[in-house]
Every structure is written in structure tokens, then in C-alpha cells.
file upload_16.cif (mmCIF, C-alpha atoms)
data_structure
#
loop_
_atom_site.group_PDB
_atom_site.id
_atom_site.type_symbol
_atom_site.label_atom_id
_atom_site.label_comp_id
_atom_site.auth_asym_id
_atom_site.auth_seq_id
_atom_site.Cartn_x
_atom_site.Cartn_y
_atom_site.Cartn_z
ATOM 1 C CA MET U 1 0.000 0.000 0.000
ATOM 2 C CA VAL U 2 0.960 3.609 -0.376
ATOM 3 C CA GLU U 3 2.397 5.371 2.656
ATOM 4 C CA TYR U 4 0.823 8.713 3.516
ATOM 5 C CA SER U 5 1.904 11.578 5.689
ATOM 6 C CA GLU U 6 -1.296 13.495 6.292
ATOM 7 C CA ASP U 7 -2.874 15.594 9.029
ATOM 8 C CA TYR U 8 -6.629 15.743 9.486
ATOM 9 C CA HIS U 9 -8.023 18.642 11.486
ATOM 10 C CA ALA U 10 -11.384 18.945 13.220
ATOM 11 C CA VAL U 11 -12.967 21.751 15.222
ATOM 12 C CA ALA U 12 -15.907 21.737 17.621
ATOM 13 C CA SER U 13 -17.520 24.338 19.827
ATOM 14 C CA ALA U 14 -20.321 23.767 22.343
ATOM 15 C CA THR U 15 -22.332 25.977 24.681
ATOM 16 C CA ASP U 16 -23.634 25.238 28.157
ATOM 17 C CA ASP U 17 -27.300 25.492 27.166
ATOM 18 C CA ALA U 18 -27.510 22.734 24.505
ATOM 19 C CA ASP U 19 -26.733 19.032 24.315
ATOM 20 C CA HIS U 20 -25.678 19.265 20.677
ATOM 21 C CA TRP U 21 -23.161 21.267 18.668
ATOM 22 C CA THR U 22 -21.550 21.537 15.279
ATOM 23 C CA THR U 23 -18.209 20.094 14.325
ATOM 24 C CA ASP U 24 -16.245 20.628 11.155
ATOM 25 C CA SER U 25 -13.674 18.546 9.320
ATOM 26 C CA ARG U 26 -13.921 19.121 5.563
ATOM 27 C CA GLY U 27 -17.637 19.641 6.080
ATOM 28 C CA GLU U 28 -19.942 20.584 8.895
ATOM 29 C CA PHE U 29 -21.658 17.886 10.955
ATOM 30 C CA ASP U 30 -24.107 17.919 13.844
ATOM 31 C CA VAL U 31 -23.129 15.900 16.886
ATOM 32 C CA GLY U 32 -24.491 15.669 20.385
ATOM 33 C CA ILE U 33 -25.367 13.740 23.490
ATOM 34 C CA PRO U 34 -28.096 11.171 22.771
ATOM 35 C CA PRO U 35 -30.555 9.818 25.384
ATOM 36 C CA GLU U 36 -28.417 6.741 26.116
ATOM 37 C CA PHE U 37 -25.769 9.111 27.521
ATOM 38 C CA GLY U 38 -28.232 11.371 29.358
ATOM 39 C CA GLY U 39 -28.891 13.933 26.606
ATOM 40 C CA ASP U 40 -31.903 14.771 24.467
ATOM 41 C CA PHE U 41 -30.157 15.043 21.093
ATOM 42 C CA ASP U 42 -31.811 12.876 18.437
ATOM 43 C CA GLY U 43 -28.813 12.632 16.155
ATOM 44 C CA PRO U 44 -25.337 11.151 15.886
ATOM 45 C CA ALA U 45 -23.024 10.924 18.873
ATOM 46 C CA PRO U 46 -19.222 10.811 18.577
ATOM 47 C CA GLU U 47 -19.498 7.017 18.783
ATOM 48 C CA ASN U 48 -21.554 7.034 15.575
ATOM 49 C CA TYR U 49 -18.773 8.884 13.800
ATOM 50 C CA TYR U 50 -16.254 6.391 15.187
ATOM 51 C CA ALA U 51 -18.278 3.517 13.691
ATOM 52 C CA ILE U 52 -18.507 5.464 10.421
ATOM 53 C CA ALA U 53 -14.731 5.959 10.343
ATOM 54 C CA LEU U 54 -14.036 2.266 10.949
ATOM 55 C CA THR U 55 -16.592 1.123 8.363
ATOM 56 C CA ASN U 56 -15.611 3.586 5.680
ATOM 57 C CA CYS U 57 -11.888 2.990 6.066
ATOM 58 C CA TYR U 58 -12.593 -0.575 4.966
ATOM 59 C CA VAL U 59 -14.710 0.613 2.016
ATOM 60 C CA ALA U 60 -12.114 3.164 0.881
ATOM 61 C CA THR U 61 -9.258 0.672 1.234
ATOM 62 C CA PHE U 62 -11.228 -1.906 -0.754
ATOM 63 C CA LYS U 63 -11.946 0.586 -3.542
ATOM 64 C CA VAL U 64 -8.243 1.484 -3.845
ATOM 65 C CA ILE U 65 -7.084 -2.137 -3.872
ATOM 66 C CA ALA U 66 -9.858 -3.223 -6.246
ATOM 67 C CA GLY U 67 -9.040 -0.330 -8.593
ATOM 68 C CA ASN U 68 -5.333 -1.163 -8.561
ATOM 69 C CA SER U 69 -6.190 -4.832 -9.195
ATOM 70 C CA THR U 70 -8.720 -4.035 -11.954
ATOM 71 C CA LEU U 71 -11.453 -5.849 -10.058
ATOM 72 C CA GLU U 72 -14.789 -4.616 -11.326
ATOM 73 C CA PHE U 73 -17.643 -4.926 -8.886
ATOM 74 C CA GLU U 74 -21.292 -4.015 -8.745
ATOM 75 C CA GLU U 75 -21.466 -3.130 -5.063
ATOM 76 C CA LEU U 76 -19.589 -3.414 -1.801
ATOM 77 C CA ALA U 77 -21.955 -3.148 1.159
ATOM 78 C CA ALA U 78 -20.454 -2.823 4.631
ATOM 79 C CA GLU U 79 -22.339 -2.746 7.923
ATOM 80 C CA GLY U 80 -20.362 -2.032 11.073
ATOM 81 C CA THR U 81 -21.332 -2.239 14.723
ATOM 82 C CA LEU U 82 -19.265 -0.559 17.426
ATOM 83 C CA LYS U 83 -19.987 -2.263 20.739
ATOM 84 C CA LEU U 84 -19.650 -0.351 24.012
ATOM 85 C CA ARG U 85 -19.714 -2.330 27.235
ATOM 86 C CA PRO U 86 -19.160 -1.666 30.944
ATOM 87 C CA HIS U 87 -15.708 -2.582 32.259
ATOM 88 C CA ASP U 88 -14.375 -1.830 35.735
ATOM 89 C CA GLY U 89 -16.985 0.850 36.378
ATOM 90 C CA GLU U 90 -16.501 2.598 33.010
ATOM 91 C CA THR U 91 -17.933 2.297 29.537
ATOM 92 C CA VAL U 92 -15.349 1.179 27.005
ATOM 93 C CA VAL U 93 -15.294 0.157 23.377
ATOM 94 C CA ASP U 94 -15.447 -3.620 23.585
ATOM 95 C CA SER U 95 -15.322 -4.586 19.916
ATOM 96 C CA PHE U 96 -16.185 -3.728 16.338
ATOM 97 C CA ALA U 97 -17.936 -6.141 13.983
ATOM 98 C CA LEU U 98 -18.005 -5.494 10.256
ATOM 99 C CA ASP U 99 -20.167 -7.479 7.843
ATOM 100 C CA VAL U 100 -19.187 -7.025 4.206
ATOM 101 C CA THR U 101 -21.010 -8.221 1.091
ATOM 102 C CA LEU U 102 -19.344 -7.913 -2.295
ATOM 103 C CA ARG U 103 -21.439 -8.245 -5.448
ATOM 104 C CA ALA U 104 -19.190 -8.882 -8.393
ATOM 105 C CA ASP U 105 -18.951 -10.812 -11.628
ATOM 106 C CA ALA U 106 -15.478 -12.070 -10.827
ATOM 107 C CA SER U 107 -13.579 -15.155 -9.883
ATOM 108 C CA SER U 108 -14.035 -15.863 -6.236
ATOM 109 C CA LYS U 109 -10.275 -16.339 -5.747
ATOM 110 C CA LYS U 110 -9.350 -12.835 -6.934
ATOM 111 C CA ALA U 111 -12.201 -11.216 -5.009
ATOM 112 C CA ASP U 112 -11.424 -13.231 -1.864
ATOM 113 C CA VAL U 113 -7.768 -12.184 -1.991
ATOM 114 C CA ILE U 114 -8.746 -8.520 -2.353
ATOM 115 C CA LEU U 115 -11.228 -8.754 0.531
ATOM 116 C CA GLU U 116 -8.505 -10.298 2.701
ATOM 117 C CA ARG U 117 -5.895 -7.724 1.676
ATOM 118 C CA THR U 118 -8.379 -4.959 2.438
ATOM 119 C CA GLN U 119 -8.643 -6.041 6.057
ATOM 120 C CA GLU U 120 -4.846 -6.334 6.322
ATOM 121 C CA HIS U 121 -4.272 -2.822 4.947
ATOM 122 C CA CYS U 122 -7.120 -0.838 6.525
ATOM 123 C CA PHE U 123 -4.982 1.278 8.831
ATOM 124 C CA ILE U 124 -7.820 2.705 10.914
ATOM 125 C CA LEU U 125 -9.124 -0.788 11.715
ATOM 126 C CA ASP U 126 -5.546 -1.834 12.457
ATOM 127 C CA SER U 127 -4.982 1.115 14.816
ATOM 128 C CA VAL U 128 -7.486 0.118 17.495
ATOM 129 C CA ASP U 129 -6.770 -1.981 20.572
ATOM 130 C CA PHE U 130 -10.137 -3.710 20.828
ATOM 131 C CA ASP U 131 -11.384 -6.807 19.014
ATOM 132 C CA VAL U 132 -12.234 -6.326 15.344
ATOM 133 C CA SER U 133 -14.018 -9.004 13.366
ATOM 134 C CA VAL U 134 -14.690 -8.790 9.653
ATOM 135 C CA THR U 135 -16.941 -11.283 7.903
ATOM 136 C CA THR U 136 -17.151 -11.226 4.134
ATOM 137 C CA GLU U 137 -19.538 -12.713 1.613
ATOM 138 C CA LEU U 138 -19.011 -12.788 -2.129
ATOM 139 C CA VAL U 139 -22.150 -12.836 -4.239
ATOM 140 C CA THR U 140 -21.395 -13.457 -7.918
ATOM 141 C CA THR U 141 -23.669 -11.664 -10.333
#

call {"tool": "encode", "arguments": {"input": "upload_16.cif", "output": "C-alpha cells"}}
result
Amino acid sequence: MVEYSEDYHAVASATDDADHWTTDSRGEFDVGIPPEFGGDFDGPAPENYYAIALTNCYVATFKVIAGNSTLEFEELAAEGTLKLRPHDGETVVDSFALDVTLRADASSKKADVILERTQEHCFILDSVDFDVSVTTELVTT
């Protein structure tokens, strides 16, 4: 894979009178404290964006590897679940499960190798210290 030296910057500003705020990192996003954490915000919490980052790192890595390998595909669908659990009186990230379905008119060997290489080279998934499981399914079209 290509080595990158990049910096990604985010800003956020909150006030005392609201349980939600706006953050910006190459686009503005709403974020807040949902009911499960004692807030009233009916939108994404930071944990949602964490799950999005983990899921979409896999998708982006797959697209790069597939493009470099000339693998044509109809669709890659990825569904990730970030699991928070109590541990020693705190809430911690326990694990991340990613279910991936690839729809392609391709040999299963080539597609399987690319799916495997994607997990090996997804640096955001590789950077965490909790359990990560990725299950893949190839559906030939």
C-alpha cells in the first residue's frame, strides 16, 4: 500500500445550554449527546462517527485495492457495529464487527484475496486496541 503523511483537522464548539453542537472537518456535521448518555439530542453521537470511520476505512481501502487490481464490482456493502460495554466501572469500546457483502462478476479467488488484503491494509481498523471481526460474503452476479 501507499504510505501517507497526512494531518486531518477537526474543530468543535459547544455551549452550556444545549446538548448538541456543530463540528467541522472538511464539512460541517451535527453531533451531540443522545438519550443513552443522558442527553436529548436525536442525532449522531461521537461514537456514531467512530463507527462510520471504521466502516468507511474498509470501504475506501477496498476501492483502492480493487481499482489497482482491476477488479470490477457491482457493489460493496459494509455494515459495522461498534460495541460499548461496561468494564471496571466505566464504559469502554469492547469490539467492532463489520459485515461485508461484495457483489461482483469475478472469480471468487481474486475477489477473496482482495477482501482479505483490504482487512490487512485498513490502517484505521488496524490502529485500534479492541477486538475487530470482519466477515465477508461474495455474491457473484

call {"tool": "resolve_selection", "arguments": {"input": "upload_16.cif", "expression": "the PyMOL selection byres ((chain U and resi 25-28) around 8)", "output": "ChimeraX atom specification"}}
result
/U:8-11,22-24,29-30

call {"tool": "residues_around", "arguments": {"input": "upload_16.cif", "residues": "region 53-67 of chain U", "least_positions_apart": "4", "cutoff": "12 Å", "atoms": "only C-alpha atoms", "output": "PyMOL selection string"}}
result
chain U and resi 1-2+46-49+71-82+95-102+104+106+110-128+132-136

call {"tool": "closest_residue", "arguments": {"input": "upload_16.cif", "among": "U:Val93, U:Ala12, U:Ala18, U:Leu84", "to": "Asp40 (chain U)", "atoms": "all atoms listed in the file"}}
result
U:Ala18

call {"tool": "atom_distance", "arguments": {"input": "upload_16.cif", "atom1": "CA of Gly43 (chain U)", "atom2": "CA of Trp21 (chain U)"}}
result
10.6 Å

call {"tool": "residues_around", "arguments": {"input": "upload_16.cif", "residues": "Asp42 (chain U)", "least_positions_apart": "5", "cutoff": "10 Å", "atoms": "all atoms listed in the file", "output": "MDAnalysis selection string"}}
result
chainID U and resid 19:20 31:35

call {"tool": "axis_aligned_box", "arguments": {"input": "upload_16.cif", "around": "region 25-36 of chain U", "padding_each_side": "3 Å", "output": "lines of an AutoDock Vina configuration file"}}
result
center_x = -22.1
center_y = 13.7
center_z = 15.8
size_x = 22.9
size_y = 19.8
size_z = 26.6

call {"tool": "atom_distance", "arguments": {"input": "upload_16.cif", "atom1": "CA of Ala51 (chain U)", "atom2": "CA of Ala14 (chain U)"}}
result
22.1 Å

call {"tool": "decode", "arguments": {"input": "upload_16.cif", "residues": "region 53-94 of chain U", "atoms": "C-alpha atoms", "output": "tab-separated table (two decimals), in the first residue's frame"}}
result
chain	number	residue	atom	x	y	z
U	53	ALA	CA	-14.73	5.96	10.34
U	54	LEU	CA	-14.04	2.27	10.95
U	55	THR	CA	-16.59	1.12	8.36
U	56	ASN	CA	-15.61	3.59	5.68
U	57	CYS	CA	-11.89	2.99	6.07
U	58	TYR	CA	-12.59	-0.58	4.97
U	59	VAL	CA	-14.71	0.61	2.02
U	60	ALA	CA	-12.11	3.16	0.88
U	61	THR	CA	-9.26	0.67	1.23
U	62	PHE	CA	-11.23	-1.91	-0.75
U	63	LYS	CA	-11.95	0.59	-3.54
U	64	VAL	CA	-8.24	1.48	-3.85
U	65	ILE	CA	-7.08	-2.14	-3.87
U	66	ALA	CA	-9.86	-3.22	-6.25
U	67	GLY	CA	-9.04	-0.33	-8.59
U	68	ASN	CA	-5.33	-1.16	-8.56
U	69	SER	CA	-6.19	-4.83	-9.20
U	70	THR	CA	-8.72	-4.03	-11.95
U	71	LEU	CA	-11.45	-5.85	-10.06
U	72	GLU	CA	-14.79	-4.62	-11.33
U	73	PHE	CA	-17.64	-4.93	-8.89
U	74	GLU	CA	-21.29	-4.02	-8.74
U	75	GLU	CA	-21.47	-3.13	-5.06
U	76	LEU	CA	-19.59	-3.41	-1.80
U	77	ALA	CA	-21.95	-3.15	1.16
U	78	ALA	CA	-20.45	-2.82	4.63
U	79	GLU	CA	-22.34	-2.75	7.92
U	80	GLY	CA	-20.36	-2.03	11.07
U	81	THR	CA	-21.33	-2.24	14.72
U	82	LEU	CA	-19.27	-0.56	17.43
U	83	LYS	CA	-19.99	-2.26	20.74
U	84	LEU	CA	-19.65	-0.35	24.01
U	85	ARG	CA	-19.71	-2.33	27.23
U	86	PRO	CA	-19.16	-1.67	30.94
U	87	HIS	CA	-15.71	-2.58	32.26
U	88	ASP	CA	-14.37	-1.83	35.74
U	89	GLY	CA	-16.99	0.85	36.38
U	90	GLU	CA	-16.50	2.60	33.01
U	91	THR	CA	-17.93	2.30	29.54
U	92	VAL	CA	-15.35	1.18	27.00
U	93	VAL	CA	-15.29	0.16	23.38
U	94	ASP	CA	-15.45	-3.62	23.58
